[in-house]
>>> print(open('structure17.txt').read())   # compact mmCIF, C-alpha atoms and all ligand atoms
# COMPACT_ATOMS: atom_id res chain seq x y z
CA MET A 1 -9.97 -7.92 -17.46
CA SER A 2 -8.15 -11.15 -16.59
CA SER A 3 -4.96 -11.32 -14.58
CA ASN A 4 -3.23 -12.88 -17.58
CA ASP A 5 -3.39 -9.79 -19.76
CA ALA A 6 0.13 -8.67 -20.57
CA PRO A 7 1.06 -5.23 -19.23
CA THR A 8 1.31 -2.43 -21.75
CA SER A 9 4.48 -0.37 -21.87
CA LEU A 10 4.28 3.16 -20.65
CA GLU A 11 3.43 5.75 -23.22
CA PRO A 12 6.26 8.30 -23.35
CA GLN A 13 3.74 11.16 -23.38
CA ASP A 14 2.04 9.83 -20.23
CA PRO A 15 4.81 9.00 -17.73
CA ILE A 16 4.13 7.85 -14.16
CA PRO A 17 4.30 10.95 -11.95
CA ILE A 18 7.50 11.33 -9.95
CA ILE A 19 7.37 13.24 -6.67
CA ASP A 20 10.52 14.60 -5.02
CA TYR A 21 10.03 14.15 -1.27
CA SER A 22 12.93 16.46 -0.38
CA LEU A 23 11.12 19.40 -2.01
CA LEU A 24 8.02 18.65 0.07
CA THR A 25 9.88 18.71 3.37
CA SER A 26 12.78 21.11 2.77
CA GLY A 27 12.05 22.95 -0.46
CA THR A 28 11.53 26.71 -0.74
CA VAL A 29 7.97 28.00 -0.35
CA ASP A 30 7.56 27.93 -4.13
CA GLU A 31 9.02 24.42 -4.46
CA HIS A 32 6.75 23.19 -1.68
CA SER A 33 3.60 24.59 -3.29
CA LYS A 34 4.60 23.17 -6.67
CA VAL A 35 5.13 19.70 -5.20
CA VAL A 36 1.80 19.88 -3.30
CA GLN A 37 0.13 20.72 -6.59
CA ASP A 38 1.94 17.80 -8.26
CA ILE A 39 0.83 15.42 -5.48
CA GLY A 40 -2.78 16.55 -5.97
CA LYS A 41 -2.51 16.06 -9.72
CA ALA A 42 -0.92 12.60 -9.31
CA CYS A 43 -3.55 11.49 -6.77
CA GLU A 44 -6.40 12.70 -8.95
CA ASP A 45 -5.17 11.68 -12.37
CA TRP A 46 -3.06 8.54 -11.76
CA GLY A 47 -3.92 7.49 -8.19
CA CYS A 48 -0.25 6.67 -7.65
CA PHE A 49 3.26 8.05 -8.07
CA MET A 50 6.90 7.18 -7.59
CA LEU A 51 8.56 8.89 -4.64
CA VAL A 52 12.23 9.81 -4.99
CA ASN A 53 14.70 11.47 -2.58
CA HIS A 54 12.73 9.94 0.30
CA GLY A 55 15.73 10.10 2.64
CA ILE A 56 15.41 6.52 3.94
CA PRO A 57 18.94 5.09 3.98
CA TYR A 58 19.50 2.45 1.32
CA THR A 59 21.52 0.36 3.81
CA LEU A 60 18.44 0.11 6.07
CA ILE A 61 16.25 -0.97 3.16
CA LYS A 62 18.84 -3.52 2.04
CA GLU A 63 19.12 -4.94 5.56
CA MET A 64 15.33 -5.25 5.69
CA MET A 65 15.33 -7.10 2.38
CA ASP A 66 18.06 -9.47 3.63
CA GLY A 67 16.26 -10.04 6.97
CA SER A 68 13.00 -10.72 5.13
CA ASN A 69 14.70 -13.19 2.84
CA GLU A 70 16.10 -14.95 5.89
CA PHE A 71 12.63 -15.04 7.49
CA PHE A 72 11.00 -16.69 4.49
CA ASN A 73 13.87 -19.14 4.16
CA MET A 74 13.24 -20.54 7.62
CA THR A 75 11.65 -23.99 7.63
CA LYS A 76 7.88 -24.40 7.45
CA ASP A 77 7.92 -25.59 11.05
CA GLU A 78 9.79 -22.53 12.24
CA LYS A 79 7.26 -20.26 10.50
CA LEU A 80 4.26 -22.18 11.84
CA GLU A 81 4.35 -20.16 15.04
CA PHE A 82 3.45 -17.03 13.01
CA GLU A 83 0.66 -18.59 10.95
CA ALA A 84 -2.31 -16.37 10.04
CA HIS A 85 -5.64 -16.46 11.89
CA GLY A 86 -7.99 -13.43 12.03
CA VAL A 87 -7.64 -10.22 10.02
CA LEU A 88 -6.63 -8.21 13.09
CA ASP A 89 -4.03 -10.67 14.37
CA PRO A 90 -0.87 -8.63 14.94
CA ILE A 91 1.41 -11.15 13.21
CA ARG A 92 0.19 -13.14 10.22
CA CYS A 93 2.30 -15.35 8.02
CA SER A 94 0.50 -17.03 5.14
CA THR A 95 0.40 -17.66 1.41
CA GLY A 96 -1.79 -16.30 -1.35
CA PHE A 97 -3.82 -19.48 -1.37
CA ILE A 98 -7.06 -19.60 0.60
CA PRO A 99 -7.87 -22.70 2.65
CA ASN A 100 -11.02 -24.55 1.50
CA ASN A 101 -10.97 -22.84 -1.88
CA ASN A 102 -9.90 -24.59 -5.06
CA ASN A 103 -7.53 -21.63 -5.70
CA LYS A 104 -7.47 -22.23 -9.42
CA ASP A 105 -7.15 -18.57 -10.40
CA LEU A 106 -4.86 -17.57 -7.58
CA LEU A 107 -1.21 -16.68 -7.81
CA TRP A 108 1.48 -17.84 -5.42
CA ARG A 109 3.34 -15.75 -2.87
CA GLU A 110 4.18 -16.01 0.81
CA TYR A 111 3.63 -13.04 3.05
CA LEU A 112 4.22 -11.77 6.54
CA ARG A 113 1.78 -9.10 7.66
CA LEU A 114 2.52 -7.17 10.85
CA ILE A 115 0.63 -4.48 12.72
CA VAL A 116 3.38 -1.96 13.45
CA HIS A 117 1.45 1.10 14.69
CA PRO A 118 0.07 2.20 17.16
CA ASP A 119 1.74 -0.88 18.70
CA PHE A 120 4.65 -2.63 17.10
CA HIS A 121 4.61 -6.39 16.51
CA CYS A 122 7.22 -8.54 14.83
CA PRO A 123 8.44 -12.16 14.93
CA HIS A 124 11.35 -12.68 17.32
CA LYS A 125 13.35 -14.42 14.59
CA PRO A 126 15.58 -14.19 12.64
CA LEU A 127 17.86 -12.60 15.19
CA GLY A 128 17.84 -8.79 15.06
CA PHE A 129 14.98 -8.63 12.53
CA SER A 130 12.49 -7.09 14.95
CA GLU A 131 14.86 -4.23 15.89
CA LEU A 132 15.55 -3.56 12.23
CA ALA A 133 11.88 -3.61 11.27
CA SER A 134 11.08 -1.23 14.11
CA VAL A 135 13.54 1.35 12.75
CA TYR A 136 12.35 0.78 9.17
CA VAL A 137 8.67 1.38 9.92
CA LYS A 138 9.43 4.53 11.93
CA ASN A 139 11.12 5.85 8.81
CA THR A 140 8.30 4.89 6.44
CA ARG A 141 5.71 6.27 8.85
CA THR A 142 7.45 9.64 8.92
CA VAL A 143 7.42 9.71 5.12
CA ALA A 144 3.75 8.63 4.98
CA MET A 145 2.70 11.31 7.49
CA GLU A 146 4.51 14.02 5.50
CA LEU A 147 2.78 12.80 2.34
CA VAL A 148 -0.61 12.95 4.07
CA LYS A 149 0.15 16.58 4.98
CA GLY A 150 0.89 17.23 1.31
CA VAL A 151 -2.35 15.52 0.28
CA SER A 152 -4.27 17.54 2.86
CA GLU A 153 -2.88 20.79 1.44
CA SER A 154 -3.60 19.62 -2.09
CA LEU A 155 -7.28 19.28 -1.13
CA GLY A 156 -7.27 22.90 0.02
CA PHE A 157 -6.95 22.18 3.76
CA GLU A 158 -4.23 23.07 6.22
CA ALA A 159 -1.42 20.49 6.35
CA SER A 160 -2.56 19.01 9.69
CA TYR A 161 -6.27 18.72 8.79
CA MET A 162 -6.37 15.11 7.57
CA HIS A 163 -4.01 14.00 10.32
CA ASP A 164 -6.31 15.47 12.98
CA GLN A 165 -9.60 14.39 11.40
CA LEU A 166 -8.44 10.81 10.93
CA ASN A 167 -6.62 10.48 14.28
CA LEU A 168 -3.35 9.60 12.65
CA ASP A 169 -1.45 9.90 15.95
CA SER A 170 -2.84 6.45 16.65
CA GLY A 171 -3.10 5.54 12.96
CA PHE A 172 -3.09 1.91 11.89
CA GLN A 173 0.09 1.04 10.02
CA LEU A 174 0.97 -2.37 8.62
CA LEU A 175 4.17 -3.80 7.32
CA ALA A 176 3.37 -6.47 4.77
CA ILE A 177 6.37 -8.30 3.37
CA ASN A 178 5.66 -10.25 0.21
CA TYR A 179 7.92 -13.05 -0.96
CA TYR A 180 7.53 -14.35 -4.50
CA PRO A 181 9.96 -17.29 -4.71
CA SER A 182 12.42 -17.69 -7.57
CA LEU A 183 11.45 -19.98 -10.44
CA MET A 184 13.98 -22.50 -9.07
CA GLU A 185 11.97 -22.73 -5.84
CA PHE A 186 8.50 -22.62 -7.37
CA ASP A 187 7.64 -23.10 -11.01
CA GLY A 188 3.96 -22.05 -10.94
CA ALA A 189 2.45 -18.60 -11.48
CA ARG A 190 3.74 -16.06 -8.95
CA GLY A 191 1.94 -12.83 -8.14
CA LEU A 192 -1.01 -11.18 -6.52
CA MET A 193 -4.53 -10.75 -7.89
CA PRO A 194 -5.92 -7.28 -8.74
CA HIS A 195 -7.04 -5.41 -5.61
CA THR A 196 -7.03 -2.05 -3.87
CA ASP A 197 -5.56 -1.52 -0.38
CA HIS A 198 -7.39 -0.22 2.68
CA GLY A 199 -6.08 2.86 4.44
CA LEU A 200 -4.98 6.20 3.03
CA LEU A 201 -1.68 5.57 1.31
CA THR A 202 0.42 2.49 0.64
CA LEU A 203 4.19 2.80 0.33
CA LEU A 204 5.86 -0.05 -1.52
CA TYR A 205 9.55 -0.80 -2.07
CA GLU A 206 10.65 -3.70 -4.25
CA ASN A 207 14.02 -5.50 -4.32
CA GLY A 208 14.72 -4.63 -7.95
CA VAL A 209 12.72 -7.53 -9.37
CA PRO A 210 9.74 -6.11 -11.31
CA GLY A 211 6.13 -7.21 -11.01
CA LEU A 212 3.86 -4.42 -9.75
CA GLU A 213 1.28 -3.23 -12.27
CA VAL A 214 -1.38 -0.55 -11.98
CA ILE A 215 -4.42 0.07 -14.09
CA ARG A 216 -4.18 3.15 -16.30
CA LYS A 217 -6.92 4.09 -18.77
CA GLY A 218 -8.11 0.46 -18.81
CA LYS A 219 -4.64 -1.04 -19.35
CA TRP A 220 -2.13 -2.64 -16.97
CA ILE A 221 1.09 -0.63 -16.70
CA GLY A 222 4.35 -1.84 -15.10
CA MET A 223 5.42 0.37 -12.15
CA SER A 224 9.05 -0.63 -11.72
CA ASP A 225 11.21 1.77 -13.70
CA VAL A 226 12.53 4.27 -11.17
CA SER A 227 15.50 3.19 -9.03
CA ASN A 228 15.56 3.66 -5.25
CA ALA A 229 11.99 4.97 -5.28
CA PHE A 230 8.87 4.02 -3.36
CA ALA A 231 5.70 3.35 -5.28
CA VAL A 232 2.93 5.27 -3.50
CA LEU A 233 -0.67 4.18 -4.10
CA ASN A 234 -3.92 5.87 -3.10
CA SER A 235 -5.93 3.51 -0.92
CA ASP A 236 -9.62 3.07 -0.14
CA HIS A 237 -9.89 5.58 2.71
CA MET A 238 -8.26 8.27 0.60
CA GLU A 239 -11.05 7.77 -1.93
CA ILE A 240 -13.73 7.82 0.78
CA PHE A 241 -12.37 10.90 2.59
CA SER A 242 -11.90 12.82 -0.67
CA ASN A 243 -15.42 11.79 -1.77
CA GLY A 244 -14.09 10.05 -4.86
CA LYS A 245 -11.68 12.75 -6.00
CA TYR A 246 -8.54 10.69 -5.25
CA LYS A 247 -9.54 7.19 -6.35
CA SER A 248 -8.10 4.08 -4.73
CA LYS A 249 -5.61 2.50 -7.12
CA LEU A 250 -6.29 -0.94 -8.55
CA HIS A 251 -3.04 -2.90 -8.72
CA ARG A 252 -1.76 -6.45 -9.14
CA THR A 253 1.53 -8.29 -9.26
CA VAL A 254 2.72 -10.59 -12.02
CA VAL A 255 6.25 -11.92 -11.57
CA LYS A 256 7.83 -13.04 -14.84
CA ASP A 257 11.46 -12.62 -13.76
CA GLU A 258 13.10 -15.87 -12.60
CA ARG A 259 14.60 -14.24 -9.49
CA THR A 260 12.97 -13.97 -6.07
CA ARG A 261 10.88 -10.83 -5.69
CA ILE A 262 10.54 -9.29 -2.23
CA THR A 263 8.45 -6.22 -1.47
CA LEU A 264 8.17 -4.15 1.69
CA VAL A 265 4.65 -2.73 1.78
CA ASN A 266 3.25 -0.21 4.26
CA PRO A 267 -0.46 0.54 4.22
CA ASN A 268 -1.03 3.64 6.40
CA GLY A 269 -4.54 4.26 7.67
CA PRO A 270 -6.62 6.17 10.22
CA SER A 271 -6.94 4.86 13.77
CA LEU A 272 -9.07 1.71 13.88
CA ASP A 273 -11.88 3.37 15.83
CA THR A 274 -12.22 6.34 13.46
CA THR A 275 -15.41 6.51 11.44
CA VAL A 276 -14.38 7.55 7.96
CA GLY A 277 -16.73 9.18 5.50
CA PRO A 278 -16.38 11.93 2.91
CA SER A 279 -14.91 15.06 4.53
CA SER A 280 -17.80 17.36 5.48
CA ARG A 281 -15.60 20.37 4.81
CA LEU A 282 -14.86 19.12 1.32
CA LEU A 283 -18.55 18.49 0.64
CA LYS A 284 -19.34 22.02 1.73
CA ASN A 285 -16.52 23.58 -0.31
CA ASP A 286 -17.51 21.63 -3.43
CA ASN A 287 -21.23 21.82 -2.76
CA SER A 288 -21.48 18.12 -3.45
CA LEU A 289 -23.33 15.10 -2.05
CA PRO A 290 -21.54 12.29 -0.21
CA ARG A 291 -20.76 9.30 -2.43
CA TYR A 292 -19.85 6.85 0.36
CA LEU A 293 -21.42 5.84 3.66
CA PRO A 294 -19.32 6.56 6.74
CA LEU A 295 -18.00 3.40 8.40
CA LYS A 296 -15.66 2.66 11.27
CA TYR A 297 -12.26 1.61 9.92
CA SER A 298 -12.16 -1.61 11.97
CA GLU A 299 -15.60 -2.59 10.62
CA TYR A 300 -14.46 -1.77 7.12
CA LEU A 301 -11.57 -4.23 7.52
CA GLU A 302 -13.94 -6.98 8.59
CA TRP A 303 -16.29 -6.26 5.69
CA GLN A 304 -13.40 -6.15 3.29
CA THR A 305 -12.18 -9.60 4.24
CA GLU A 306 -15.66 -11.08 3.99
CA LEU A 307 -16.48 -9.39 0.69
CA THR A 308 -13.12 -10.22 -0.88
CA MET A 309 -13.74 -13.89 -0.14
CA ALA A 310 -17.07 -13.48 -1.97
CA GLY A 311 -15.30 -11.89 -4.96
CA LYS A 312 -16.63 -8.39 -4.20
CA HIS A 313 -15.13 -5.04 -3.19
CA ALA A 314 -15.84 -3.38 0.16
CA PHE A 315 -17.02 -0.30 -1.79
CA ASP A 316 -20.03 -2.36 -2.92
CA LYS A 317 -21.26 -1.95 0.67
CA ILE A 318 -20.71 1.76 1.14
CA ARG A 319 -20.90 3.38 -2.29
CA LEU A 320 -23.96 5.65 -2.53
CA VAL A 321 -23.86 6.71 -6.18
O1 LIG B 401 4.24 -7.12 -3.84
C1 LIG B 401 3.69 -6.41 -4.69
O2 LIG B 401 4.16 -6.20 -5.79
C2 LIG B 401 2.33 -5.84 -4.37
C3 LIG B 401 1.91 -6.08 -2.96
C4 LIG B 401 0.56 -5.55 -2.62
O3 LIG B 401 -0.14 -5.03 -3.44
C5 LIG B 401 0.06 -5.70 -1.24
O4 LIG B 401 0.73 -6.31 -0.39
O5 LIG B 401 -1.04 -5.18 -0.98
FE FE B 402 -1.79 -4.02 -2.51
>>> encode(input="structure17.txt", output="structure tokens")
Amino acid sequence: MSSNDAPTSLEPQDPIPIIDYSLLTSGTVDEHSKVVQDIGKACEDWGCFMLVNHGIPYTLIKEMMDGSNEFFNMTKDEKLEFEAHGVLDPIRCSTGFIPNNNNKDLLWREYLRLIVHPDFHCPHKPLGFSELASVYVKNTRTVAMELVKGVSESLGFEASYMHDQLNLDSGFQLLAINYYPSLMEFDGARGLMPHTDHGLLTLLYENGVPGLEVIRKGKWIGMSDVSNAFAVLNSDHMEIFSNGKYKSKLHRTVVKDERTRITLVNPNGPSLDTTVGPSSRLLKNDNSLPRYLPLKYSEYLEWQTELTMAGKHAFDKIRLV
């Protein structure tokens, strides 16, 4: 499927799942079990959902959007200091174009990618941005950790099982801020090629300008209809840990709107030194064979970068069946 295929509208009988976070954290026992069941269904059937009532103040999100806009509107020279190098550099500012590649199929965006957990990194400008980002990622991390507990329960484990197995106390969390300039600033194709994210779960908040699409039954579906909601996507290590039950979600971005699109994206993964393979407890419960080779998360990241450059997926390396 090419990245130019137009997205299909949602079928009314097959809506994107909506999960109410407040019922997960402060619902009655019955509400909690229902929402855990719904999370399991969403992860298995769709591989993504919209998260509402997440409790993160809108003012904080808005300030983050404004600060991000200010960051990307600094001059090229000012941003040079934060230019990307290796995949594990704590601060990486770059564009969607790859040096030494003719880039003919690529789509334009600028991004700032920060490692924010276990240690927090952020550019020292614009003024106050780092403090703001630090509060923002604490909030999104809390939400992500609660969601992982829900996922853990949905797989039939106790809430803390995935957290403990995957060493989430020192889990690797990124804040990736994507900036797709307005048509006035850039009149080429803006977006991001189809891909899956590493880690367990990605939380994504957009500034009201649509563009995110996910694959559903072989068709691209727009993900932008629910206001003040996070899009939550299963990522590669969710698929590996669940032995393929909760598939990593293929997504892309195509910006048609003339306005600037900004997204705040948080991939949340295990600790970098954790070796992740299919959960042995799950294999035993389901009496099934492992479908992925275990691999240290940090090595996976290196493979992923290399394989992506070669037009492949990291799963090509570790998929067993
Ligand atoms: O900005 C978007 O719409 C998607 C971003 C994304 O998929 C990513 O940063 O991994
Ligand atoms: Fe992504």
>>> residues_around(input="structure17.txt", residues="segment 125-136 of chain A", least_positions_apart="2", cutoff="9 Å", atoms="all atoms listed in the file", output="PDB file with C-alpha atoms, keeping the file's coordinate frame")
ATOM      1  CA  ILE A  56      15.410   6.520   3.940  1.00  0.00           C
ATOM      2  CA  LEU A  60      18.440   0.110   6.070  1.00  0.00           C
ATOM      3  CA  ILE A  61      16.250  -0.970   3.160  1.00  0.00           C
ATOM      4  CA  GLU A  63      19.120  -4.940   5.560  1.00  0.00           C
ATOM      5  CA  MET A  64      15.330  -5.250   5.690  1.00  0.00           C
ATOM      6  CA  GLY A  67      16.260 -10.040   6.970  1.00  0.00           C
ATOM      7  CA  SER A  68      13.000 -10.720   5.130  1.00  0.00           C
ATOM      8  CA  GLU A  70      16.100 -14.950   5.890  1.00  0.00           C
ATOM      9  CA  PHE A  71      12.630 -15.040   7.490  1.00  0.00           C
ATOM     10  CA  MET A  74      13.240 -20.540   7.620  1.00  0.00           C
ATOM     11  CA  VAL A 116       3.380  -1.960  13.450  1.00  0.00           C
ATOM     12  CA  PHE A 120       4.650  -2.630  17.100  1.00  0.00           C
ATOM     13  CA  HIS A 121       4.610  -6.390  16.510  1.00  0.00           C
ATOM     14  CA  CYS A 122       7.220  -8.540  14.830  1.00  0.00           C
ATOM     15  CA  PRO A 123       8.440 -12.160  14.930  1.00  0.00           C
ATOM     16  CA  LYS A 138       9.430   4.530  11.930  1.00  0.00           C
ATOM     17  CA  ASN A 139      11.120   5.850   8.810  1.00  0.00           C
ATOM     18  CA  THR A 140       8.300   4.890   6.440  1.00  0.00           C
ATOM     19  CA  ARG A 141       5.710   6.270   8.850  1.00  0.00           C
ATOM     20  CA  LEU A 175       4.170  -3.800   7.320  1.00  0.00           C
TER      21      LEU A 175
END
>>> residues_around(input="structure17.txt", residues="Thr253 of chain A", least_positions_apart="5", cutoff="7 Å", atoms="all atoms listed in the file", output="PyMOL selection string")
chain A and resi 191-193+211-213
>>> residues_near_ligand(input="structure17.txt", ligand="ligand FE 402 (chain B)", cutoff="8 Å", atoms="all atoms listed in the file", output="PyMOL selection string")
chain A and resi 195-197+202+251-252+265
>>> closest_residue(input="structure17.txt", among="A:Ser152, A:Ser288, A:Ser280, A:Asn266", to="ligand LIG 401 (chain B)", atoms="all atoms listed in the file")
A:Asn266
>>> atom_distance(input="structure17.txt", atom1="atom CA of Val148 of chain A", atom2="atom CA of Glu11 of chain A")
28.5 Å
>>> closest_residue(input="structure17.txt", among="A:Ala84, A:Met223, A:Leu295, A:Ala144", to="ligand LIG 401 (chain B)", atoms="only C-alpha atoms and all ligand atoms")
A:Met223
>>> residues_around(input="structure17.txt", residues="Lys249 of chain A", least_positions_apart="2", cutoff="7 Å", atoms="all atoms listed in the file", output="count of residues only")
8
>>> atom_distance(input="structure17.txt", atom1="atom CA of Pro17 of chain A", atom2="atom CA of Asp30 of chain A")
19.0 Å
>>> closest_residue(input="structure17.txt", among="A:Gly40, A:Gly311, A:Gly199, A:Gly277", to="ligand LIG 401 (chain B)", atoms="only C-alpha atoms and all ligand atoms")
A:Gly199
>>> axis_aligned_box(input="structure17.txt", around="ligand LIG 401 (chain B)", padding_each_side="4 Å", output="JSON")
{"center_x": 1.6, "center_y": -6.1, "center_z": -3.1, "size_x": 13.3, "size_y": 10.1, "size_z": 13.4}
>>> atom_distance(input="structure17.txt", atom1="atom CA of Gly156 of chain A", atom2="atom CA of Asp286 of chain A")
10.9 Å
>>> residues_around(input="structure17.txt", residues="Ile16 of chain A", least_positions_apart="3", cutoff="10 Å", atoms="all atoms listed in the file", output="list in words")
Leu10, Glu11, Pro12, Gln13, Ile19, Ala42, Trp46, Cys48, Phe49, Met50, Arg216, Ile221, Gly222, Met223, Asp225 and Val226 of chain A
>>> write_last_selection(input="structure17.txt", atoms="C-alpha atoms", output="PDB file, keeping the file's coordinate frame")
ATOM      1  CA  LEU A  10       4.280   3.160 -20.650  1.00  0.00           C
ATOM      2  CA  GLU A  11       3.430   5.750 -23.220  1.00  0.00           C
ATOM      3  CA  PRO A  12       6.260   8.300 -23.350  1.00  0.00           C
ATOM      4  CA  GLN A  13       3.740  11.160 -23.380  1.00  0.00           C
ATOM      5  CA  ILE A  19       7.370  13.240  -6.670  1.00  0.00           C
ATOM      6  CA  ALA A  42      -0.920  12.600  -9.310  1.00  0.00           C
ATOM      7  CA  TRP A  46      -3.060   8.540 -11.760  1.00  0.00           C
ATOM      8  CA  CYS A  48      -0.250   6.670  -7.650  1.00  0.00           C
ATOM      9  CA  PHE A  49       3.260   8.050  -8.070  1.00  0.00           C
ATOM     10  CA  MET A  50       6.900   7.180  -7.590  1.00  0.00           C
ATOM     11  CA  ARG A 216      -4.180   3.150 -16.300  1.00  0.00           C
ATOM     12  CA  ILE A 221       1.090  -0.630 -16.700  1.00  0.00           C
ATOM     13  CA  GLY A 222       4.350  -1.840 -15.100  1.00  0.00           C
ATOM     14  CA  MET A 223       5.420   0.370 -12.150  1.00  0.00           C
ATOM     15  CA  ASP A 225      11.210   1.770 -13.700  1.00  0.00           C
ATOM     16  CA  VAL A 226      12.530   4.270 -11.170  1.00  0.00           C
TER      17      VAL A 226
END
>>> closest_residue(input="structure17.txt", among="A:Asn69, A:Ser298, A:Ser279, A:Thr263", to="Tyr161 of chain A", atoms="only C-alpha atoms")
A:Ser279
>>> closest_residue(input="structure17.txt", among="A:Met184, A:Leu166, A:Leu283, A:Ile262", to="Lys245 of chain A", atoms="only C-alpha atoms")
A:Leu283
>>> closest_residue(input="structure17.txt", among="A:Gly188, A:Pro181, A:Gly171, A:Gly218", to="ligand LIG 401 (chain B)", atoms="all atoms listed in the file")
A:Pro181
>>> residues_near_point(input="structure17.txt", point="(3.6, -18.8, -1.1)", cutoff="7 Å", atoms="only C-alpha atoms", output="MDAnalysis selection string")
chainID A and resid 95:96 108:110 180
>>> build_atoms(input="structure17.txt", residues="segment 173-189 of chain A", atoms="N, CA and C atoms", output="short mmCIF file (atom, residue, chain, number, x, y, z; two decimals), in the coordinates of the input")
data_model
loop_
_atom_site.label_atom_id
_atom_site.label_comp_id
_atom_site.auth_asym_id
_atom_site.auth_seq_id
_atom_site.Cartn_x
_atom_site.Cartn_y
_atom_site.Cartn_z
N GLN A 173 -0.90 1.26 11.07
CA GLN A 173 0.09 1.04 10.02
C GLN A 173 0.47 -0.43 9.99
N LEU A 174 0.54 -0.98 8.79
CA LEU A 174 0.97 -2.37 8.62
C LEU A 174 2.31 -2.41 7.92
N LEU A 175 3.04 -3.47 8.18
CA LEU A 175 4.17 -3.80 7.32
C LEU A 175 3.85 -5.17 6.74
N ALA A 176 3.62 -5.19 5.44
CA ALA A 176 3.37 -6.47 4.77
C ALA A 176 4.61 -6.77 3.94
N ILE A 177 5.20 -7.92 4.17
CA ILE A 177 6.37 -8.30 3.37
C ILE A 177 5.94 -9.45 2.48
N ASN A 178 6.07 -9.23 1.17
CA ASN A 178 5.66 -10.25 0.21
C ASN A 178 6.89 -10.94 -0.35
N TYR A 179 6.80 -12.25 -0.46
CA TYR A 179 7.92 -13.05 -0.96
C TYR A 179 7.41 -13.90 -2.11
N TYR A 180 7.88 -13.58 -3.31
CA TYR A 180 7.53 -14.35 -4.50
C TYR A 180 8.77 -15.17 -4.84
N PRO A 181 8.74 -16.49 -4.58
CA PRO A 181 9.96 -17.29 -4.71
C PRO A 181 10.51 -17.30 -6.13
N SER A 182 11.80 -17.60 -6.25
CA SER A 182 12.42 -17.69 -7.57
C SER A 182 11.81 -18.89 -8.32
N LEU A 183 11.99 -18.88 -9.63
CA LEU A 183 11.45 -19.98 -10.44
C LEU A 183 12.07 -21.32 -10.05
N MET A 184 13.31 -21.26 -9.52
CA MET A 184 13.98 -22.50 -9.07
C MET A 184 13.23 -23.12 -7.90
N GLU A 185 12.67 -22.23 -7.03
CA GLU A 185 11.97 -22.73 -5.84
C GLU A 185 10.54 -23.13 -6.15
N PHE A 186 9.92 -22.43 -7.10
CA PHE A 186 8.50 -22.62 -7.37
C PHE A 186 8.26 -22.35 -8.85
N ASP A 187 7.75 -23.33 -9.57
CA ASP A 187 7.64 -23.10 -11.01
C ASP A 187 6.20 -22.83 -11.48
N GLY A 188 5.32 -22.44 -10.54
CA GLY A 188 3.96 -22.05 -10.94
C GLY A 188 3.88 -20.55 -11.13
N ALA A 189 2.65 -20.03 -11.28
CA ALA A 189 2.45 -18.60 -11.48
C ALA A 189 2.62 -17.85 -10.15
#
